[in-house]
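Encoded as C-alpha coordinates, the structure appears first; notes follow it.
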Amino acid sequence: MRFTTVAPALILTAGALAGCTQGAMTAGRSADAAPQTQMTAEQVTAAAAVTRAPAPRPAARASAAQLDTTTPEQRAAAAKPAEAAETRLGTTVASLGNPSEGGFWIKTPLVSERGIGRIVDPATGKSAKVDLIPLDGPASGGSQVSLPALQLLGVSLTDLPTLEVYRS
(Lines give C-alpha, C1' and ligand atoms only; values in the text may rest on other atoms or scores of the structure.)
Protein backbone atom coordinates (compact mmCIF):
# COMPACT_ATOMS: atom_id res chain seq x y z
CA MET A 1 0.00 0.00 0.00
CA ARG A 2 2.87 2.33 0.57
CA PHE A 3 3.49 2.42 -3.20
CA THR A 4 0.01 3.81 -3.87
CA THR A 5 0.46 6.69 -1.42
CA VAL A 6 3.86 7.69 -2.81
CA ALA A 7 2.99 7.27 -6.50
CA PRO A 8 0.58 10.24 -6.73
CA ALA A 9 3.19 12.53 -5.16
CA LEU A 10 5.82 11.34 -7.62
CA ILE A 11 3.47 11.82 -10.55
CA LEU A 12 2.67 15.38 -9.45
CA THR A 13 6.35 16.18 -8.97
CA ALA A 14 7.25 14.77 -12.39
CA GLY A 15 4.45 16.77 -13.99
CA ALA A 16 5.60 19.97 -12.33
CA LEU A 17 9.20 19.42 -13.38
CA ALA A 18 8.20 18.68 -16.98
CA GLY A 19 7.54 22.39 -17.43
CA CYS A 20 11.03 23.24 -16.16
CA THR A 21 12.88 22.69 -19.40
CA GLN A 22 16.11 24.44 -20.16
CA GLY A 23 15.36 27.92 -21.46
CA ALA A 24 11.78 27.98 -20.20
CA MET A 25 12.41 31.25 -18.40
CA THR A 26 13.58 32.89 -21.63
CA ALA A 27 11.07 31.35 -24.01
CA GLY A 28 9.62 34.77 -24.82
CA ARG A 29 13.02 36.18 -25.72
CA SER A 30 14.50 34.88 -28.92
CA ALA A 31 18.20 35.63 -29.28
CA ASP A 32 17.87 35.20 -33.01
CA ALA A 33 14.77 37.37 -33.41
CA ALA A 34 15.09 39.68 -36.38
CA PRO A 35 15.86 43.22 -35.20
CA GLN A 36 13.45 45.96 -36.30
CA THR A 37 15.48 48.66 -38.07
CA GLN A 38 15.70 50.75 -41.22
CA MET A 39 18.94 49.07 -42.19
CA THR A 40 19.22 46.69 -45.13
CA ALA A 41 19.30 42.94 -44.51
CA GLU A 42 23.04 42.90 -45.26
CA GLN A 43 23.67 45.70 -42.73
CA VAL A 44 21.63 43.88 -40.07
CA THR A 45 23.59 40.66 -40.70
CA ALA A 46 26.88 42.54 -40.43
CA ALA A 47 25.78 44.27 -37.23
CA ALA A 48 24.61 41.00 -35.69
CA ALA A 49 28.03 39.48 -36.43
CA VAL A 50 29.47 42.25 -34.26
CA THR A 51 26.93 42.34 -31.44
CA ARG A 52 26.19 38.63 -30.89
CA ALA A 53 28.45 36.23 -28.99
CA PRO A 54 27.94 32.86 -27.33
CA ALA A 55 27.20 32.59 -23.63
CA PRO A 56 30.22 31.84 -21.48
CA ARG A 57 30.97 28.26 -20.52
CA PRO A 58 29.43 27.34 -17.15
CA ALA A 59 32.92 26.85 -15.71
CA ALA A 60 33.90 30.43 -16.66
CA ARG A 61 32.36 32.18 -13.70
CA ALA A 62 35.47 33.53 -11.99
CA SER A 63 36.26 36.85 -13.69
CA ALA A 64 34.94 39.44 -16.12
CA ALA A 65 37.59 38.40 -18.64
CA GLN A 66 36.34 34.80 -18.57
CA LEU A 67 32.71 35.92 -18.97
CA ASP A 68 33.45 38.10 -22.03
CA THR A 69 33.16 35.76 -25.04
CA THR A 70 33.45 38.46 -27.70
CA THR A 71 36.42 38.34 -30.05
CA PRO A 72 38.97 41.15 -30.50
CA GLU A 73 37.53 41.67 -33.99
CA GLN A 74 34.01 42.09 -32.58
CA ARG A 75 35.25 44.57 -29.97
CA ALA A 76 37.06 46.60 -32.64
CA ALA A 77 34.01 46.62 -34.93
CA ALA A 78 31.64 47.54 -32.08
CA ALA A 79 33.88 50.48 -31.11
CA LYS A 80 33.87 52.01 -34.62
CA PRO A 81 31.90 55.25 -34.98
CA ALA A 82 28.49 55.18 -36.64
CA GLU A 83 28.64 54.74 -40.41
CA ALA A 84 25.09 55.95 -41.07
CA ALA A 85 22.63 58.37 -39.53
CA GLU A 86 21.27 57.30 -36.17
CA THR A 87 18.18 58.37 -34.24
CA ARG A 88 18.74 59.49 -30.66
CA LEU A 89 16.28 57.65 -28.40
CA GLY A 90 17.26 59.33 -25.13
CA THR A 91 19.44 58.85 -22.09
CA THR A 92 19.29 56.12 -19.48
CA VAL A 93 21.01 55.17 -16.26
CA ALA A 94 22.68 51.84 -16.92
CA SER A 95 23.75 48.96 -14.75
CA LEU A 96 25.45 45.68 -15.48
CA GLY A 97 23.01 43.17 -16.96
CA ASN A 98 23.28 39.39 -16.75
CA PRO A 99 27.00 38.70 -17.31
CA SER A 100 26.26 35.18 -18.56
CA GLU A 101 24.49 36.59 -21.66
CA GLY A 102 27.15 37.04 -24.32
CA GLY A 103 27.50 39.81 -26.88
CA PHE A 104 26.95 43.56 -26.99
CA TRP A 105 23.43 44.53 -25.94
CA ILE A 106 21.32 46.91 -23.91
CA LYS A 107 17.94 46.07 -22.41
CA THR A 108 16.14 49.37 -22.15
CA PRO A 109 12.62 50.78 -21.83
CA LEU A 110 13.57 53.31 -24.52
CA VAL A 111 12.69 50.74 -27.23
CA SER A 112 9.53 48.74 -27.81
CA GLU A 113 11.01 46.30 -30.33
CA ARG A 114 14.40 44.74 -30.97
CA GLY A 115 16.83 46.59 -33.14
CA ILE A 116 20.43 47.56 -33.76
CA GLY A 117 21.85 50.69 -32.21
CA ARG A 118 24.65 52.35 -30.34
CA ILE A 119 25.26 53.45 -26.78
CA VAL A 120 27.54 56.38 -25.97
CA ASP A 121 29.13 57.41 -22.69
CA PRO A 122 28.97 61.22 -22.87
CA ALA A 123 31.62 61.49 -20.15
CA THR A 124 34.26 59.85 -22.36
CA GLY A 125 32.75 59.92 -25.86
CA LYS A 126 33.32 56.16 -26.20
CA SER A 127 30.59 54.18 -27.93
CA ALA A 128 29.57 50.60 -28.61
CA LYS A 129 27.35 49.08 -31.28
CA VAL A 130 24.69 47.01 -29.50
CA ASP A 131 21.52 45.01 -29.90
CA LEU A 132 18.60 47.07 -28.57
CA ILE A 133 16.31 44.83 -26.50
CA PRO A 134 13.02 46.06 -24.99
CA LEU A 135 12.75 46.12 -21.20
CA ASP A 136 9.42 46.55 -19.46
CA GLY A 137 9.04 49.73 -17.45
CA PRO A 138 8.69 53.48 -17.84
CA ALA A 139 10.98 55.29 -20.29
CA SER A 140 12.57 56.98 -17.27
CA GLY A 141 13.51 53.58 -15.84
CA GLY A 142 17.05 52.27 -15.89
CA SER A 143 18.63 49.93 -18.40
CA GLN A 144 20.79 46.82 -18.27
CA VAL A 145 23.96 46.63 -20.37
CA SER A 146 26.08 43.62 -21.25
CA LEU A 147 29.44 43.14 -19.62
CA PRO A 148 31.40 43.41 -22.92
CA ALA A 149 29.61 46.67 -23.83
CA LEU A 150 30.39 48.27 -20.46
CA GLN A 151 34.00 47.16 -20.76
CA LEU A 152 34.22 48.62 -24.27
CA LEU A 153 32.97 51.94 -22.91
CA GLY A 154 35.57 51.77 -20.15
CA VAL A 155 32.89 51.92 -17.46
CA SER A 156 33.43 50.21 -14.10
CA LEU A 157 31.10 47.24 -13.73
CA THR A 158 29.84 48.66 -10.42
CA ASP A 159 29.11 52.18 -11.76
CA LEU A 160 25.70 53.48 -12.83
CA PRO A 161 26.62 55.65 -15.82
CA THR A 162 24.18 57.79 -17.75
CA LEU A 163 24.36 56.64 -21.39
CA GLU A 164 22.93 58.03 -24.61
CA VAL A 165 21.02 55.45 -26.69
CA TYR A 166 20.72 55.60 -30.48
CA ARG A 167 18.90 53.43 -33.04
CA SER A 168 20.69 52.68 -36.34
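Residue numbering restarts at 1 in every chain; chains get A, B, ... in the order shown in the C-alpha coordinates, and ligands count up from 1 in that same order.
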Select from stretch 113-162 of chain A every residue with an atom at most 7 Å from any atom of stretch 64-85 of chain A, then for each give the shortest pair of atoms and their distance in Å to one decimal, using only C-alpha atoms, rows by chain and rising number, as a Markdown table.
```
| residue | atom | partner | partner_atom | distance |
| --- | --- | --- | --- | --- |
| A:Ser127 | CA | A:Ala79 | CA | 5.9 |
| A:Ala128 | CA | A:Ala79 | CA | 5.0 |
| A:Lys129 | CA | A:Ala78 | CA | 4.6 |
| A:Leu147 | CA | A:Asp68 | CA | 6.9 |
| A:Pro148 | CA | A:Asp68 | CA | 5.8 |
```
Would you save the residues from that selection as a PDB file, in the first residue's frame, using N, CA and C atoms?
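Final output, out18.pdb:
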```
ATOM      1  N   SER A 127      31.882  54.751 -27.537  1.00  0.00           N
ATOM      2  CA  SER A 127      30.590  54.183 -27.926  1.00  0.00           C
ATOM      3  C   SER A 127      30.742  52.697 -28.237  1.00  0.00           C
ATOM      4  N   ALA A 128      29.590  52.027 -28.271  1.00  0.00           N
ATOM      5  CA  ALA A 128      29.568  50.597 -28.607  1.00  0.00           C
ATOM      6  C   ALA A 128      28.316  50.300 -29.418  1.00  0.00           C
ATOM      7  N   LYS A 129      28.491  49.565 -30.496  1.00  0.00           N
ATOM      8  CA  LYS A 129      27.353  49.081 -31.280  1.00  0.00           C
ATOM      9  C   LYS A 129      26.721  47.954 -30.485  1.00  0.00           C
ATOM     10  N   LEU A 147      28.097  42.978 -20.142  1.00  0.00           N
ATOM     11  CA  LEU A 147      29.440  43.142 -19.617  1.00  0.00           C
ATOM     12  C   LEU A 147      30.427  43.598 -20.698  1.00  0.00           C
ATOM     13  N   PRO A 148      30.457  42.958 -21.900  1.00  0.00           N
ATOM     14  CA  PRO A 148      31.400  43.414 -22.924  1.00  0.00           C
ATOM     15  C   PRO A 148      31.161  44.860 -23.363  1.00  0.00           C
TER      16      PRO A 148
END
```
> Could you pull the residues within 7 Å of A:Pro138, counting only C-alpha atoms, minus those fewer than 2 positions along the same chain, as a list of chain:residue names?
Replying inline: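 Neighbouring residues, sequence-local ones excluded: A:Pro109, A:Ser140, A:Gly141.
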>> Report, in Å with one decimal, the straight-line distance from atom CA of A:Glu42 to atom CA of A:Asn98.
In response: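 Interatomic distance here is 28.7 Å.
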> Please, what distance in Å, to one decimal, runs between atom CA of A:Ala123 and atom CA of A:Ser100?
Replying inline: 26.9 Å
> Out of A:Ala41, A:Gln151, A:Asp159, A:Val145, which residue has the shortest atom-to-atom distance to A:Val130 when counting only C-alpha atoms?
Replying inline: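 Residue with the minimum atom-to-atom distance to A:Val130: A:Val145.
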